[in-house]
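Asks: Here's a structure for you.
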Amino acid sequence: MNVIQYDGYADIAPITGFSLRKTFTCGQCFRFDEEGDGYSGVAFGRYVRFAQPAPDILRIYGEAASDADLWIKYLALDVDYEAIRLDIARRFDCEIMDRALEYGEGIRILRQQPWEVICSFIISQNNNIGRIKKIIAALSRALGEPAAGSDRHHAFPTPEALFKLGTEGIFALGTGFRAKYIYDAANRITEGIIDLNALAAQDTRTLIKELCTVKGIGLKVASCAALFGFGRTEVFPVDVWVRRSIDRHFGGKLDIDSLGEYAGIAQQYLFYYERENGGRT
DNA sequence: CACCAGGTGGAAC
DNA sequence: GTTCCACATGGT
C-alpha cells in the first residue's frame, strides 16, 4: 500500500477489502455525505473528500491529501479485515452471518474521536439516523470551529463550547430531551470529572462503567462509544436493529460477552444487513 | 393521526 | 429484581 501525491489529491493504492460507500453508509458515522463521486465530511476538525475511482484505490482530495497517514488510520486501512472476517465467520458459523459478511464486505470500523462519538450516540437515543445527522450538523454549525480546508464546514463542538452554551442553548438547537444529557457529559469532561485520555488507558469494562456515570449514557450508548470512539472491537452494542436480528435469526438469545475480540465488527455487519434488508430475509 | 427512530431514567410493582 | 412509560421532534 503506497501513497502517491498528485496536484490537488493523493491516491492510496493498492487497497483491498474496502468500500467507501459501505463504510460511510453503514451507520457508524453521522458527519459524512455523498458528494460527487465520493463522500465528504469533517473529521479531526478538517474537511476531507474521499473517492474510490477503482476498487483498489482510495483518493483523498484537497488540503487533507497532504496527511494521508491520518486518513489511513481513520479509515482503518492498516487493519487486516480478511483475518477479522475469517474469525467472525468461524466463530458464528451460521447462514445469517455469512450473508451479513458478504453484504457488508468492505465496511471498516472508523477510528473516530471519543468525544464526538460519545455526544453523537447520546443524540442517537430514540432517534433516527437522518435526524441525528441534522442535529449534529446544527451543533457543529453553531459551535464548531471552522474546519480546515473548507469555508462552509465546521468541526464538532468541544465539550467546553457545549458547556458554555448551557442546557437551554443546546435544547434550542433541536436536541430535544437529550439536551440535559449532552450538557451533563460536556460538564463532566470540562470539569475534569471524566478524563477521556485516562479512560482510553482503562480496560473495557471500566471504560463502559465510567461512561455510564453520565446521565443519558446507558449500556448501548457506552458500548457504541467504546467500539467507535475507543477502538474496543470486542464490544457488541445491541440496538433495535441488532435486537431484531437476534430475534429473527438467533432465537432471541445471543451471549454478547463471548463473541470474540471482533464482536463489535460482527455487530456492524448484522446491523447494516438488518437495516438495509430488514424483513426480507 | 398513530407509530417509529442505533435508549435511558425513574417510578411502580 | 423486572416492567412500564415519558421524553422532543420530524418523518411515514
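The chains in the C-alpha cells are called A, B, ... from first to last as shown; in each chain the residues are counted from 1, and the ligands are counted from 1 in the order shown.
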Give one line per residue of chain A that approaches chain B to at most 8 Å, naming the two atoms of the closest pair and their distance in Å to one decimal, counting only C-alpha atoms (C1' of nucleotides); sort by chain then ascending residue number and deliver it as JSON lines.
Replies:
{"residue": "A:Gly27", "atom": "CA", "partner": "B:DG6", "partner_atom": "C1'", "distance": 7.6}
{"residue": "A:Phe121", "atom": "CA", "partner": "B:DG6", "partner_atom": "C1'", "distance": 7.7}
{"residue": "A:Ser124", "atom": "CA", "partner": "B:DG6", "partner_atom": "C1'", "distance": 6.3}
{"residue": "A:Gln125", "atom": "CA", "partner": "B:DG7", "partner_atom": "C1'", "distance": 4.7}
{"residue": "A:Asn126", "atom": "CA", "partner": "B:DA5", "partner_atom": "C1'", "distance": 5.4}
{"residue": "A:Asn127", "atom": "CA", "partner": "B:DA5", "partner_atom": "C1'", "distance": 4.1}
{"residue": "A:Asn128", "atom": "CA", "partner": "B:DA5", "partner_atom": "C1'", "distance": 4.0}
{"residue": "A:Ile129", "atom": "CA", "partner": "B:DG6", "partner_atom": "C1'", "distance": 7.6}
{"residue": "A:Gly216", "atom": "CA", "partner": "B:DT8", "partner_atom": "C1'", "distance": 5.7}
{"residue": "A:Ile217", "atom": "CA", "partner": "B:DT8", "partner_atom": "C1'", "distance": 7.1}
{"residue": "A:Gly218", "atom": "CA", "partner": "B:DT8", "partner_atom": "C1'", "distance": 6.3}
{"residue": "A:Lys220", "atom": "CA", "partner": "B:DG7", "partner_atom": "C1'", "distance": 7.3}
{"residue": "A:Val221", "atom": "CA", "partner": "B:DG7", "partner_atom": "C1'", "distance": 7.9}
{"residue": "A:Asp239", "atom": "CA", "partner": "B:DG6", "partner_atom": "C1'", "distance": 5.4}
{"residue": "A:Val240", "atom": "CA", "partner": "B:DG6", "partner_atom": "C1'", "distance": 7.0}
{"residue": "A:Trp241", "atom": "CA", "partner": "B:DG6", "partner_atom": "C1'", "distance": 7.4}
Asks: Keeping all heavy atoms, export the residues of the selection given above as a short mmCIF file (atom, residue, chain, number, x, y, z; two decimals), in the first residue's frame.
Replies:
data_model
loop_
_atom_site.label_atom_id
_atom_site.label_comp_id
_atom_site.auth_asym_id
_atom_site.auth_seq_id
_atom_site.Cartn_x
_atom_site.Cartn_y
_atom_site.Cartn_z
N GLY A 27 -23.86 3.35 9.13
CA GLY A 27 -24.50 3.82 10.35
C GLY A 27 -23.58 4.11 11.52
O GLY A 27 -24.04 4.40 12.61
N PHE A 121 -23.76 9.63 20.02
CA PHE A 121 -24.61 8.50 20.38
C PHE A 121 -25.53 8.82 21.56
O PHE A 121 -26.55 8.14 21.74
CB PHE A 121 -23.78 7.23 20.59
CG PHE A 121 -23.48 6.56 19.27
CD1 PHE A 121 -22.32 6.86 18.57
CD2 PHE A 121 -24.39 5.67 18.71
CE1 PHE A 121 -22.07 6.27 17.33
CE2 PHE A 121 -24.15 5.08 17.47
CZ PHE A 121 -22.98 5.38 16.79
N SER A 124 -28.27 9.96 19.55
CA SER A 124 -28.91 8.89 18.77
C SER A 124 -30.08 8.23 19.48
O SER A 124 -30.90 7.58 18.83
CB SER A 124 -27.88 7.82 18.41
OG SER A 124 -27.62 6.95 19.51
N GLN A 125 -30.17 8.39 20.81
CA GLN A 125 -31.17 7.61 21.53
C GLN A 125 -32.59 8.01 21.16
O GLN A 125 -32.93 9.19 21.07
CB GLN A 125 -30.96 7.70 23.04
CG GLN A 125 -31.21 9.04 23.65
CD GLN A 125 -31.00 9.02 25.16
OE1 GLN A 125 -31.94 9.06 25.92
NE2 GLN A 125 -29.76 8.94 25.58
N ASN A 126 -33.41 7.00 20.91
CA ASN A 126 -34.81 7.19 20.49
C ASN A 126 -34.90 8.20 19.35
O ASN A 126 -35.69 9.14 19.39
CB ASN A 126 -35.64 7.64 21.70
CG ASN A 126 -37.12 7.43 21.49
OD1 ASN A 126 -37.91 8.32 21.71
ND2 ASN A 126 -37.51 6.26 21.07
N ASN A 127 -34.05 8.01 18.35
CA ASN A 127 -33.93 8.97 17.25
C ASN A 127 -33.59 8.18 15.98
O ASN A 127 -33.21 7.02 16.06
CB ASN A 127 -32.81 9.96 17.60
CG ASN A 127 -33.03 11.32 17.00
OD1 ASN A 127 -33.83 11.49 16.09
ND2 ASN A 127 -32.30 12.31 17.51
N ASN A 128 -33.76 8.82 14.83
CA ASN A 128 -33.39 8.14 13.59
C ASN A 128 -32.17 8.79 12.95
O ASN A 128 -31.85 9.95 13.23
CB ASN A 128 -34.56 8.11 12.61
CG ASN A 128 -35.04 9.49 12.25
OD1 ASN A 128 -34.35 10.23 11.55
ND2 ASN A 128 -36.22 9.85 12.72
N ILE A 129 -31.49 8.04 12.10
CA ILE A 129 -30.18 8.47 11.62
C ILE A 129 -30.25 9.80 10.87
O ILE A 129 -29.38 10.65 11.04
CB ILE A 129 -29.51 7.35 10.77
CG1 ILE A 129 -29.13 6.18 11.69
CG2 ILE A 129 -28.28 7.88 10.04
CD1 ILE A 129 -28.45 5.03 11.00
N GLY A 216 -27.83 9.91 30.80
CA GLY A 216 -28.18 9.76 29.40
C GLY A 216 -27.29 8.78 28.66
O GLY A 216 -27.51 8.51 27.49
N ILE A 217 -26.26 8.27 29.35
CA ILE A 217 -25.46 7.20 28.77
C ILE A 217 -25.76 5.91 29.50
O ILE A 217 -25.50 5.78 30.69
CB ILE A 217 -23.95 7.50 28.85
CG1 ILE A 217 -23.61 8.74 28.04
CG2 ILE A 217 -23.16 6.30 28.33
CD1 ILE A 217 -22.11 9.04 27.95
N GLY A 218 -26.37 4.99 28.78
CA GLY A 218 -26.61 3.65 29.30
C GLY A 218 -25.69 2.66 28.59
O GLY A 218 -24.74 3.06 27.92
N LYS A 220 -26.03 0.78 25.95
CA LYS A 220 -25.96 0.86 24.49
C LYS A 220 -25.07 2.00 24.02
O LYS A 220 -24.20 1.82 23.17
CB LYS A 220 -27.38 1.01 23.93
CG LYS A 220 -27.49 1.62 22.56
CD LYS A 220 -26.83 0.80 21.48
CE LYS A 220 -27.14 1.35 20.09
NZ LYS A 220 -26.65 2.72 19.86
N VAL A 221 -25.30 3.20 24.55
CA VAL A 221 -24.50 4.36 24.14
C VAL A 221 -23.04 4.17 24.55
O VAL A 221 -22.12 4.46 23.78
CB VAL A 221 -25.09 5.66 24.72
CG1 VAL A 221 -24.14 6.84 24.49
CG2 VAL A 221 -26.44 5.96 24.08
N ASP A 239 -28.80 -2.53 19.65
CA ASP A 239 -29.82 -1.51 19.44
C ASP A 239 -31.07 -2.20 18.89
O ASP A 239 -31.13 -3.42 18.83
CB ASP A 239 -29.31 -0.45 18.45
CG ASP A 239 -29.32 -0.99 17.04
OD1 ASP A 239 -28.80 -2.11 16.84
OD2 ASP A 239 -29.88 -0.35 16.14
N VAL A 240 -32.05 -1.41 18.46
CA VAL A 240 -33.30 -2.02 17.99
C VAL A 240 -33.09 -2.91 16.77
O VAL A 240 -33.74 -3.96 16.64
CB VAL A 240 -34.37 -0.95 17.66
CG1 VAL A 240 -34.84 -0.25 18.91
CG2 VAL A 240 -33.86 0.05 16.65
N TRP A 241 -32.18 -2.53 15.88
CA TRP A 241 -31.95 -3.32 14.66
C TRP A 241 -31.24 -4.63 14.98
O TRP A 241 -31.60 -5.69 14.47
CB TRP A 241 -31.12 -2.52 13.65
CG TRP A 241 -31.85 -1.32 13.16
CD1 TRP A 241 -31.64 -0.02 13.53
CD2 TRP A 241 -32.92 -1.29 12.20
NE1 TRP A 241 -32.51 0.81 12.87
CE2 TRP A 241 -33.30 0.07 12.05
CE3 TRP A 241 -33.58 -2.27 11.46
CZ2 TRP A 241 -34.32 0.45 11.18
CZ3 TRP A 241 -34.59 -1.88 10.59
CH2 TRP A 241 -34.96 -0.52 10.47
#
Asks: Which chain A residues are at most 9 Å from chain C (counting only C-alpha atoms (C1' of nucleotides)), as a list in words?
Replies: Asn127, Arg131, Gly174, Thr175, Gly176, Phe177 and Arg178 of chain A
Asks: Tell me, in Å to one decimal, how far CA of Ile182 in chain A is from CA of Cys212 in chain A.
Replies: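 Taking CA of Ile182 in chain A and CA of Cys212 in chain A, their separation equals 13.1 Å.
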Asks: So that I can check the secondary structure, give me every residue of range 27-105 of chain A assigned strand (DSSP E) by backbone DSSP, as a PyMOL selection string.
Replies: chain A and resi 32-35+38-43+46-54+57-61
Asks: Give me the residues near Thr233 in chain A as a CSV table (one decimal) with C-alpha atoms, in the first residue's frame, where near means some atom within 7 Å (using only C-alpha atoms (C1' of nucleotides)) and where sequence neighbours in that chain fewer than 6 positions away do not count.
Replies:
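File produced: selection-v6.csv:
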chain,number,residue,atom,x,y,z
A,227,LEU,CA,-16.5,0.5,19.9
A,261,GLU,CA,-12.3,-9.9,20.0
A,262,TYR,CA,-14.1,-8.7,16.9
A,263,ALA,CA,-17.7,-8.9,18.2
A,264,GLY,CA,-18.3,-5.3,17.5
A,265,ILE,CA,-17.4,-5.6,13.9
Asks: What is the distance between CA of Arg280 in chain A and CA of Val242 in chain A, in Å to one decimal?
Replies: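 If I compute the distance from CA of Arg280 in chain A to CA of Val242 in chain A, I get 15.2 Å.
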